[in-house]
Amino acid sequence: VQLQASGGGLVQAGGSLRLSCAASGRTFSSYDMGWFRQAPGKEREFVSAIGWSGGRIYYADSVKGRFTISRDNAKNTVYLQMNSLKPEDTAVYYCAAGRGPPYSVGSYYNEAKYDYWGQGTLVTVSS
């Protein structure tokens, strides 16, 4: 699976962006998908994840209520709608794909679950 993230850019605090992650291949619908981000000087952190069927959705506490993850299996694409952006959301955002176990709730938050990673798209939120 090859992943291509897009949609990043410069936005003022309080604004919105929608990130997209397009996947190659005909098995996209069988993959759990995640979004992670890495701010300058910090380690990469979990943002959100969605199960292969869309039935499982998880968010980091820092984005809950502001970000929405969704997927369109017909288009092989996962989205991250980001509203009420804050300067602390500034980071490179990566999408990731993983298939198979583990299926515990905690596993979706862990980079180890994901086998494939996109190249990242930069989001900059100005104050």
# chains A, B, ... in the order shown; residues from 1 in each chain; ligands from 1
>>> closest_atom_pairs(of="range 2-64 of chain A", to="range 76-79 of chain A", cutoff="10 Å", atoms="only C-alpha atoms", output="tab-separated table")
residue	atom	partner	partner_atom	distance
A:Leu3	CA	A:Thr77	CA	9.2
A:Gln4	CA	A:Thr77	CA	9.4
A:Ala5	CA	A:Val78	CA	9.3
A:Ser6	CA	A:Tyr79	CA	9.6
A:Gly7	CA	A:Tyr79	CA	9.5
A:Arg18	CA	A:Tyr79	CA	6.8
A:Leu19	CA	A:Tyr79	CA	5.5
A:Ser20	CA	A:Tyr79	CA	4.6
A:Cys21	CA	A:Val78	CA	5.2
A:Ala22	CA	A:Thr77	CA	4.5
A:Ala23	CA	A:Asn76	CA	5.4
A:Ser24	CA	A:Asn76	CA	7.1
A:Gly25	CA	A:Asn76	CA	8.1
A:Arg26	CA	A:Asn76	CA	8.1
A:Thr27	CA	A:Asn76	CA	8.7
A:Phe28	CA	A:Asn76	CA	5.8
A:Ser29	CA	A:Asn76	CA	7.3
A:Met33	CA	A:Val78	CA	7.4
A:Gly34	CA	A:Val78	CA	8.7
A:Trp35	CA	A:Tyr79	CA	9.1
A:Ala49	CA	A:Val78	CA	9.8
A:Ile50	CA	A:Val78	CA	8.7
>>> atom_distance(atom1="CA of Arg71 in chain A", atom2="CA of Tyr59 in chain A")
14.7 Å
>>> residues_around(residues="Ser127 in chain A", least_positions_apart="6", cutoff="10 Å", atoms="only C-alpha atoms", output="VMD selection string")
chain A and resid 11 to 14 85 to 88
>>> residues_around(residues="Gln38 in chain A", least_positions_apart="4", cutoff="7 Å", atoms="only C-alpha atoms", output="list in words")
Lys42, Glu43, Arg44, Glu45, Ala91, Val92 and Tyr93 of chain A
>>> write_last_selection(atoms="N, CA, C and O atoms", output="short mmCIF file (atom, residue, chain, number, x, y, z; two decimals), in the first residue's frame")
data_model
loop_
_atom_site.label_atom_id
_atom_site.label_comp_id
_atom_site.auth_asym_id
_atom_site.auth_seq_id
_atom_site.Cartn_x
_atom_site.Cartn_y
_atom_site.Cartn_z
N LYS A 42 9.66 17.51 18.71
CA LYS A 42 8.89 16.57 19.52
C LYS A 42 8.78 15.23 18.83
O LYS A 42 9.02 15.10 17.63
N GLU A 43 8.39 14.22 19.59
CA GLU A 43 8.19 12.91 19.02
C GLU A 43 6.84 12.85 18.31
O GLU A 43 5.92 13.62 18.60
N ARG A 44 6.74 11.90 17.40
CA ARG A 44 5.49 11.72 16.70
C ARG A 44 4.42 11.23 17.67
O ARG A 44 4.71 10.40 18.54
N GLU A 45 3.20 11.73 17.51
CA GLU A 45 2.12 11.37 18.42
C GLU A 45 0.86 11.00 17.65
O GLU A 45 0.62 11.48 16.53
N ALA A 91 2.31 20.97 12.93
CA ALA A 91 3.08 19.73 12.87
C ALA A 91 3.05 19.20 11.44
O ALA A 91 2.27 19.66 10.61
N VAL A 92 3.89 18.22 11.21
CA VAL A 92 3.77 17.41 10.00
C VAL A 92 2.81 16.26 10.33
O VAL A 92 3.01 15.56 11.32
N TYR A 93 1.80 16.11 9.51
CA TYR A 93 0.78 15.09 9.73
C TYR A 93 1.03 13.92 8.78
O TYR A 93 1.20 14.10 7.58
#
>>> atom_distance(atom1="CA of Pro102 in chain A", atom2="CA of Ser53 in chain A")
15.6 Å
>>> closest_residue(among="A:Ser70, A:Val125, A:Tyr58, A:Phe46", to="Ala112 in chain A", atoms="only C-alpha atoms")
A:Phe46
